[in-house]
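For reference, entry-v9.csv is printed below; it contains CSV, C-alpha atoms.
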```csv
chain,number,residue,atom,x,y,z
A,1,MET,CA,0.0,0.0,0.0
A,2,ILE,CA,1.2,3.6,-0.6
A,3,PRO,CA,0.7,5.5,2.6
A,4,ASP,CA,-0.1,9.2,3.0
A,5,ALA,CA,2.9,11.4,3.8
A,6,PRO,CA,3.8,11.5,7.5
A,7,ALA,CA,5.1,14.7,9.1
A,8,PRO,CA,8.7,14.3,10.0
A,9,SER,CA,9.3,14.2,13.8
A,10,ALA,CA,11.2,12.3,16.4
A,11,THR,CA,8.8,9.5,15.6
A,12,VAL,CA,6.8,9.6,12.4
A,13,ALA,CA,3.2,8.6,13.0
A,14,THR,CA,1.6,5.8,11.0
A,15,PRO,CA,-0.2,7.2,7.9
A,16,ARG,CA,-4.0,7.3,7.9
A,17,ALA,CA,-4.4,5.0,4.9
A,18,ALA,CA,-1.3,2.9,5.1
A,19,GLY,CA,-3.3,-0.3,4.7
A,20,ALA,CA,-2.2,-3.2,6.8
A,21,PRO,CA,-0.5,-3.2,10.2
A,22,ALA,CA,3.3,-2.9,10.1
A,23,GLY,CA,5.0,-5.9,8.8
A,24,THR,CA,2.1,-7.3,6.8
A,25,ALA,CA,0.8,-7.0,3.3
A,26,SER,CA,-2.9,-6.6,4.1
A,27,VAL,CA,-5.5,-6.7,6.8
A,28,PRO,CA,-6.8,-10.3,7.3
A,29,VAL,CA,-10.2,-10.8,5.7
A,30,ALA,CA,-13.1,-12.0,7.8
A,31,ALA,CA,-16.0,-14.0,6.4
A,32,THR,CA,-18.3,-11.0,5.9
A,33,GLN,CA,-17.2,-8.8,3.0
A,34,PRO,CA,-18.6,-5.5,1.7
A,35,SER,CA,-21.1,-5.9,-1.1
A,36,PRO,CA,-20.3,-3.6,-4.0
A,37,ARG,CA,-23.3,-2.3,-5.8
A,38,GLY,CA,-24.1,-3.3,-9.3
A,39,LEU,CA,-23.3,-1.0,-12.3
A,40,ARG,CA,-25.9,1.6,-13.1
A,41,THR,CA,-26.7,2.8,-16.5
A,42,GLY,CA,-29.1,5.6,-17.3
A,43,THR,CA,-29.5,9.1,-18.8
A,44,SER,CA,-27.0,11.9,-18.4
A,45,PHE,CA,-27.1,13.7,-15.1
A,46,LEU,CA,-28.3,16.7,-17.1
A,47,GLU,CA,-30.6,14.6,-19.3
A,48,GLN,CA,-29.8,16.4,-22.5
A,49,SER,CA,-30.3,13.6,-24.9
A,50,ASP,CA,-31.1,9.9,-25.1
A,51,SER,CA,-27.6,9.1,-26.2
A,52,ALA,CA,-26.0,10.9,-23.3
A,53,VAL,CA,-25.6,8.1,-20.8
A,54,ILE,CA,-24.0,7.9,-17.4
A,55,ARG,CA,-22.6,4.7,-15.8
A,56,ALA,CA,-21.9,4.8,-12.1
A,57,GLU,CA,-21.2,3.0,-8.9
A,58,LEU,CA,-22.9,5.4,-6.5
A,59,THR,CA,-21.4,4.1,-3.3
A,60,GLN,CA,-18.3,4.6,-1.2
A,61,GLY,CA,-15.2,3.9,-3.2
A,62,GLY,CA,-17.2,4.1,-6.4
A,63,TRP,CA,-17.2,6.2,-9.5
A,64,LEU,CA,-19.2,7.7,-12.4
A,65,ARG,CA,-18.8,8.6,-16.0
A,66,GLY,CA,-21.1,11.1,-17.7
A,67,ILE,CA,-21.6,13.8,-20.3
A,68,VAL,CA,-22.4,17.5,-19.9
A,69,PRO,CA,-24.4,19.8,-22.3
A,70,ALA,CA,-22.6,21.2,-25.3
A,71,ASP,CA,-22.8,24.7,-23.9
A,72,THR,CA,-21.3,23.9,-20.5
A,73,LYS,CA,-18.8,26.5,-19.3
A,74,ARG,CA,-17.8,24.7,-16.1
A,75,ALA,CA,-18.7,21.4,-14.5
A,76,THR,CA,-18.2,20.6,-10.8
A,77,LEU,CA,-18.7,17.7,-8.3
A,78,ASN,CA,-19.4,19.1,-4.9
A,79,GLY,CA,-17.9,22.4,-5.9
A,80,ASP,CA,-14.6,20.9,-7.3
A,81,THR,CA,-14.0,21.5,-11.0
A,82,LEU,CA,-14.2,18.5,-13.3
A,83,VAL,CA,-12.1,17.9,-16.4
A,84,VAL,CA,-14.4,17.6,-19.4
A,85,ASP,CA,-13.0,16.3,-22.7
A,86,ALA,CA,-13.8,17.6,-26.2
A,87,GLU,CA,-16.9,15.4,-26.4
A,88,GLY,CA,-18.2,16.7,-23.1
A,89,ARG,CA,-17.4,13.5,-21.2
A,90,PHE,CA,-16.0,13.4,-17.7
A,91,PHE,CA,-15.0,11.0,-14.9
A,92,ALA,CA,-15.5,11.5,-11.1
A,93,ALA,CA,-15.3,9.3,-8.1
A,94,PHE,CA,-16.0,8.9,-4.4
A,95,ASP,CA,-13.6,8.2,-1.6
A,96,ARG,CA,-13.9,5.2,0.7
A,97,ASP,CA,-15.2,7.4,3.5
A,98,ALA,CA,-17.4,9.6,1.3
A,99,GLY,CA,-21.0,9.9,2.3
A,100,GLY,CA,-24.2,11.9,2.0
A,101,ILE,CA,-25.1,13.7,-1.2
A,102,ALA,CA,-22.9,14.2,-4.3
A,103,ILE,CA,-23.9,17.3,-6.4
A,104,LEU,CA,-23.0,17.4,-10.1
A,105,SER,CA,-23.4,20.9,-11.4
A,106,ALA,CA,-22.9,22.5,-14.8
A,107,LEU,CA,-22.6,26.3,-15.3
A,108,LEU,CA,-23.8,27.1,-18.8
A,109,GLU,CA,-22.7,29.8,-21.2
A,110,ASP,CA,-25.9,31.8,-20.7
A,111,GLY,CA,-25.2,31.9,-16.9
A,112,SER,CA,-27.8,29.3,-15.9
A,113,THR,CA,-26.9,26.3,-13.8
A,114,ARG,CA,-28.2,22.7,-14.0
A,115,GLU,CA,-27.5,20.1,-11.3
A,116,GLU,CA,-28.3,16.6,-10.2
A,117,ARG,CA,-28.0,15.2,-6.7
A,118,TYR,CA,-26.9,11.6,-6.0
A,119,THR,CA,-27.0,9.7,-2.7
A,120,ILE,CA,-23.6,8.0,-2.1
A,121,GLU,CA,-24.6,4.8,-0.3
A,122,PRO,CA,-22.5,3.6,2.6
A,123,ARG,CA,-20.7,0.2,2.5
A,124,ALA,CA,-20.6,-2.5,5.2
A,125,TRP,CA,-16.9,-2.6,5.4
A,126,ASP,CA,-15.1,-5.7,6.8
A,127,ILE,CA,-14.3,-4.5,10.3
A,128,GLU,CA,-12.4,-6.8,12.6
A,129,ARG,CA,-12.5,-5.9,16.3
A,130,VAL,CA,-9.6,-7.3,18.4
A,131,ASN,CA,-9.3,-7.1,22.1
A,132,VAL,CA,-5.7,-6.0,22.1
A,133,ALA,CA,-4.1,-2.6,22.3
A,134,LYS,CA,-3.0,-1.0,19.1
A,135,THR,CA,0.7,-1.4,18.6
A,136,PRO,CA,2.5,1.9,18.3
A,137,GLY,CA,3.5,2.3,14.6
A,138,GLY,CA,5.3,4.8,12.5
A,139,MET,CA,8.9,5.1,11.3
A,140,SER,CA,11.9,6.7,12.7
A,141,GLU,CA,12.9,10.2,11.6
A,142,SER,CA,16.2,8.8,10.3
A,143,PHE,CA,14.3,6.2,8.1
A,144,TRP,CA,12.1,9.0,6.8
A,145,LYS,CA,14.9,11.3,6.0
A,146,ASN,CA,17.3,8.7,4.6
A,147,VAL,CA,14.9,6.4,2.8
A,148,ARG,CA,11.3,7.1,2.8
A,149,GLU,CA,11.1,10.8,1.9
A,150,ALA,CA,12.7,10.4,-1.5
A,151,GLU,CA,10.4,7.4,-2.3
A,152,TRP,CA,7.3,9.4,-1.1
A,153,ASN,CA,8.3,12.4,-3.3
A,154,ARG,CA,8.5,10.1,-6.4
A,155,ILE,CA,5.1,8.6,-5.7
A,156,GLN,CA,3.5,12.1,-5.3
A,157,ALA,CA,5.2,13.3,-8.5
A,158,ALA,CA,4.0,10.3,-10.4
A,159,ARG,CA,0.4,10.8,-9.2
A,160,ALA,CA,0.5,14.5,-10.1
A,161,THR,CA,1.7,13.7,-13.6
A,162,GLY,CA,-1.4,14.0,-15.9
A,163,SER,CA,-1.7,12.6,-19.3
A,164,ASP,CA,-4.2,12.7,-22.2
A,165,SER,CA,-4.9,9.0,-21.8
A,166,ARG,CA,-8.5,7.9,-22.2
A,167,GLY,CA,-8.2,4.8,-20.1
A,168,TRP,CA,-10.6,6.3,-17.7
A,169,ALA,CA,-13.4,5.9,-20.3
A,170,GLN,CA,-12.8,2.1,-20.7
A,171,ASP,CA,-14.4,-0.8,-18.9
A,172,PHE,CA,-11.4,-2.0,-16.8
A,173,VAL,CA,-10.2,-5.6,-16.9
A,174,TRP,CA,-8.6,-7.6,-14.2
A,175,PRO,CA,-4.8,-7.1,-14.1
A,176,VAL,CA,-4.5,-10.8,-13.0
A,177,ARG,CA,-7.0,-13.3,-11.6
A,178,GLY,CA,-6.4,-15.3,-8.5
A,179,ARG,CA,-7.3,-15.7,-4.9
A,180,ILE,CA,-8.4,-12.5,-3.2
A,181,SER,CA,-6.2,-12.2,-0.1
A,182,GLY,CA,-7.1,-8.7,0.9
A,183,ARG,CA,-10.1,-6.5,0.3
A,184,PHE,CA,-10.3,-2.7,-0.1
A,185,GLY,CA,-11.6,-0.9,2.9
A,186,SER,CA,-11.0,-3.7,5.5
A,187,GLN,CA,-9.9,-2.4,8.8
A,188,ARG,CA,-9.0,-3.5,12.4
A,189,ILE,CA,-10.3,-1.8,15.5
A,190,TYR,CA,-8.0,-2.2,18.5
A,191,ARG,CA,-10.0,-1.9,21.7
A,192,GLY,CA,-12.0,0.9,20.1
A,193,GLU,CA,-9.0,2.6,18.4
A,194,PRO,CA,-9.2,2.3,14.6
A,195,GLY,CA,-6.2,1.1,12.6
A,196,SER,CA,-5.5,2.0,9.1
A,197,TYR,CA,-7.8,0.6,6.4
A,198,HIS,CA,-6.6,-1.4,3.5
A,199,THR,CA,-6.2,0.8,0.5
A,200,GLY,CA,-6.3,-1.7,-2.4
A,201,LEU,CA,-7.2,-5.2,-3.6
A,202,ASP,CA,-4.7,-8.0,-3.0
A,203,ILE,CA,-4.7,-10.7,-5.6
A,204,ALA,CA,-2.6,-13.9,-5.0
A,205,PRO,CA,-2.3,-15.9,-8.2
A,206,GLY,CA,1.2,-17.3,-7.4
A,207,ALA,CA,4.7,-15.9,-7.7
A,208,GLY,CA,5.8,-15.1,-11.2
A,209,THR,CA,2.4,-14.8,-12.7
A,210,PRO,CA,2.2,-12.0,-15.3
A,211,PHE,CA,-0.1,-9.1,-14.7
A,212,VAL,CA,-1.4,-6.6,-17.2
A,213,ALA,CA,-2.7,-3.1,-17.5
A,214,PRO,CA,-6.4,-2.9,-16.6
A,215,ALA,CA,-6.9,0.1,-19.0
A,216,ASP,CA,-4.9,2.3,-21.3
A,217,GLY,CA,-2.5,4.7,-19.7
A,218,VAL,CA,0.9,6.2,-19.3
A,219,VAL,CA,3.5,4.8,-16.9
A,220,THR,CA,4.4,7.6,-14.5
A,221,LEU,CA,6.5,5.5,-12.1
A,222,ALA,CA,8.4,2.2,-12.6
A,223,ALA,CA,10.6,1.4,-9.6
A,224,ALA,CA,13.4,-0.8,-11.0
A,225,GLU,CA,15.0,-0.5,-7.6
A,226,PRO,CA,12.4,-1.7,-5.0
A,227,PHE,CA,10.9,0.8,-2.6
A,228,SER,CA,11.1,0.0,1.1
A,229,LEU,CA,7.4,-0.6,1.5
A,230,GLU,CA,6.0,-1.1,-2.0
A,231,GLY,CA,8.8,-3.0,-3.5
A,232,HIS,CA,8.9,-2.9,-7.3
A,233,LEU,CA,6.1,-0.4,-7.9
A,234,ILE,CA,4.3,0.7,-11.1
A,235,ILE,CA,1.9,3.6,-11.3
A,236,ILE,CA,-0.2,4.2,-14.5
A,237,ASP,CA,-2.1,7.4,-15.2
A,238,HIS,CA,-5.4,6.6,-17.0
A,239,GLY,CA,-6.2,10.3,-17.6
A,240,GLN,CA,-8.6,12.8,-15.9
A,241,GLY,CA,-6.9,12.3,-12.5
A,242,LEU,CA,-7.4,8.5,-12.3
A,243,ASN,CA,-4.4,6.3,-11.7
A,244,SER,CA,-3.6,2.7,-10.8
A,245,ALA,CA,-0.7,1.5,-8.6
A,246,PHE,CA,0.7,-2.1,-8.6
A,247,LEU,CA,2.9,-3.1,-5.7
A,248,HIS,CA,5.3,-5.9,-4.7
A,249,ALA,CA,6.1,-7.0,-8.3
A,250,ALA,CA,8.9,-9.5,-8.9
A,251,SER,CA,9.8,-7.9,-12.2
A,252,ILE,CA,8.8,-4.9,-14.2
A,253,ASP,CA,8.4,-4.9,-18.0
A,254,VAL,CA,7.6,-1.3,-18.6
A,255,ARG,CA,9.5,2.0,-18.3
A,256,GLU,CA,8.5,5.5,-17.1
A,257,GLY,CA,6.9,7.6,-19.9
A,258,GLN,CA,5.7,4.5,-21.8
A,259,ARG,CA,2.2,4.4,-23.1
A,260,VAL,CA,0.5,1.1,-22.4
A,261,THR,CA,-2.7,-0.4,-23.7
A,262,GLN,CA,-5.4,-2.4,-21.9
A,263,GLY,CA,-4.2,-6.0,-21.5
A,264,GLN,CA,-0.5,-5.2,-22.0
A,265,ARG,CA,1.9,-7.0,-19.8
A,266,LEU,CA,3.4,-4.8,-17.0
A,267,GLY,CA,5.4,-7.3,-14.9
A,268,THR,CA,5.2,-10.4,-12.8
A,269,VAL,CA,3.7,-11.0,-9.3
A,270,GLY,CA,6.1,-11.1,-6.4
A,271,ALA,CA,6.7,-10.3,-2.8
A,272,SER,CA,9.1,-7.4,-3.0
A,273,GLY,CA,9.0,-4.6,-0.4
A,274,ARG,CA,7.0,-5.2,2.8
A,275,ALA,CA,4.9,-8.3,1.9
A,276,THR,CA,4.4,-11.5,3.8
A,277,GLY,CA,3.9,-13.5,0.6
A,278,PRO,CA,3.6,-13.1,-3.2
A,279,HIS,CA,0.6,-11.1,-4.3
A,280,LEU,CA,-0.4,-8.1,-6.4
A,281,HIS,CA,-1.7,-5.1,-4.4
A,282,TRP,CA,-3.7,-3.1,-6.9
A,283,SER,CA,-4.9,0.3,-5.7
A,284,ILE,CA,-6.8,3.0,-7.6
A,285,MET,CA,-7.0,6.7,-6.9
A,286,TRP,CA,-8.9,9.7,-8.4
A,287,ARG,CA,-7.3,12.9,-7.3
A,288,ASP,CA,-7.1,12.3,-3.5
A,289,ALA,CA,-10.0,9.8,-3.3
A,290,ARG,CA,-9.2,6.1,-2.7
A,291,LEU,CA,-11.4,3.8,-4.8
A,292,ASP,CA,-12.3,0.1,-4.7
A,293,PRO,CA,-10.9,-1.8,-7.7
A,294,LEU,CA,-13.7,-4.3,-7.4
A,295,LEU,CA,-16.1,-1.6,-8.6
A,296,PHE,CA,-14.1,-1.2,-11.8
A,297,VAL,CA,-14.1,-4.9,-13.0
A,298,ASP,CA,-16.6,-7.6,-13.7
A,299,ARG,CA,-17.3,-9.7,-10.6
```
Whole structure given in structure tokens:
Amino acid sequence: MIPDAPAPSATVATPRAAGAPAGTASVPVAATQPSPRGLRTGTSFLEQSDSAVIRAELTQGGWLRGIVPADTKRATLNGDTLVVDAEGRFFAAFDRDAGGIAILSALLEDGSTREERYTIEPRAWDIERVNVAKTPGGMSESFWKNVREAEWNRIQAARATGSDSRGWAQDFVWPVRGRISGRFGSQRIYRGEPGSYHTGLDIAPGAGTPFVAPADGVVTLAAAEPFSLEGHLIIIDHGQGLNSAFLHAASIDVREGQRVTQGQRLGTVGASGRATGPHLHWSIMWRDARLDPLLFVDR
């Protein structure tokens, strides 16, 4: 998992969304799993024409794709400006902890505004309550300064690198199929104190199994030298602020700046970095929102 940046101090606190407890690749999965909603298809949120469709997973960790009127000057989601392509199409998404109402709005050239409200449904996350105290986590200031800070800066730069890829508009495919060993959003509660939630989907098909790009994109990071936590890490920008990260690879078959197409081989599954066994940790982000990969693929 790729954690949020800690603030350097004598002891650096464990990041909010670091995923699994220190020393593990993922939070153990209990029998009860969250139930992702089915894909929705309907008219555009502005209902401009029969051909203007929207597809969405209107739930925590979900997403939507839609189209705005031809005379739209600015489109927003909850006040944040959306990127709209030449055809008026856009992508937007909802963080794991998002809730309440999402408001899509379009400011038109004549000064009028049209909007649609959506209810973002909560998920029944896999929460494991354990009757033990939470172990103090974090990393030393020395480790942060000498190792982790440079890695973190590369990750942030890779995520900030936009591209004109249209992978965001595709129906994603599985990067690899195998046993699901860790679910997005799962979390432990230690005597009432929440631990970090798991930020991606762990797939364990066996060491050395090739994995592929789930959608078109541009490689913005390919860590030939393994990172301390993520190991051999690949980040792919799918356009419109959407990106995928693939952790713990045994080998990498792509280079930074390379364009990849859906289904193209990226590398092989391994256990590099901080992992207890060979698996592929696949995470998806849109801007700062962490998304559930299961809501992007057939299931």
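Going from CA of Trp174 in chain A over to CA of Gly100 in chain A, you cover 29.8 Å.
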Would you pick out the contacts of Leu201 in chain A at 7 Å or less, using all atoms listed in the file, so that residues sharing its chain but fewer than 4 positions from it are not included, and give the list as a PDB file with C-alpha atoms, in the frame of the given file?
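Listed below is the output, part.pdb:
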```pdb
ATOM      1  CA  GLY A 182      -7.100  -8.700   0.900  1.00  0.00           C
ATOM      2  CA  ARG A 183     -10.100  -6.500   0.300  1.00  0.00           C
ATOM      3  CA  PHE A 184     -10.300  -2.700  -0.100  1.00  0.00           C
ATOM      4  CA  HIS A 281      -1.700  -5.100  -4.400  1.00  0.00           C
ATOM      5  CA  TRP A 282      -3.700  -3.100  -6.900  1.00  0.00           C
ATOM      6  CA  SER A 283      -4.900   0.300  -5.700  1.00  0.00           C
ATOM      7  CA  PRO A 293     -10.900  -1.800  -7.700  1.00  0.00           C
TER       8      PRO A 293
END
```
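The gap separating CA of Ala106 in chain A from CA of Lys73 in chain A is 7.3 Å, in Å to one decimal.
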Can you work out which one of A:Asp71, A:Glu193, A:Glu256, A:Glu115 has the shortest atom-to-atom distance to Thr220 in chain A, counting only C-alpha atoms?
A:Glu256
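Atom pair CA of Arg89 in chain A / CA of Val176 in chain A: separated by 28.7 Å.
The closest residue to Leu107 in chain A, picked from A:Gly138, A:Pro69, A:Gly192, A:Gly206 and counting all atoms listed in the file, is A:Pro69.
Here the question is which of A:Thr135, A:Leu58, A:Leu64, A:His198 gets nearest to Gly99 in chain A using only C-alpha atoms, and that residue is A:Leu58.
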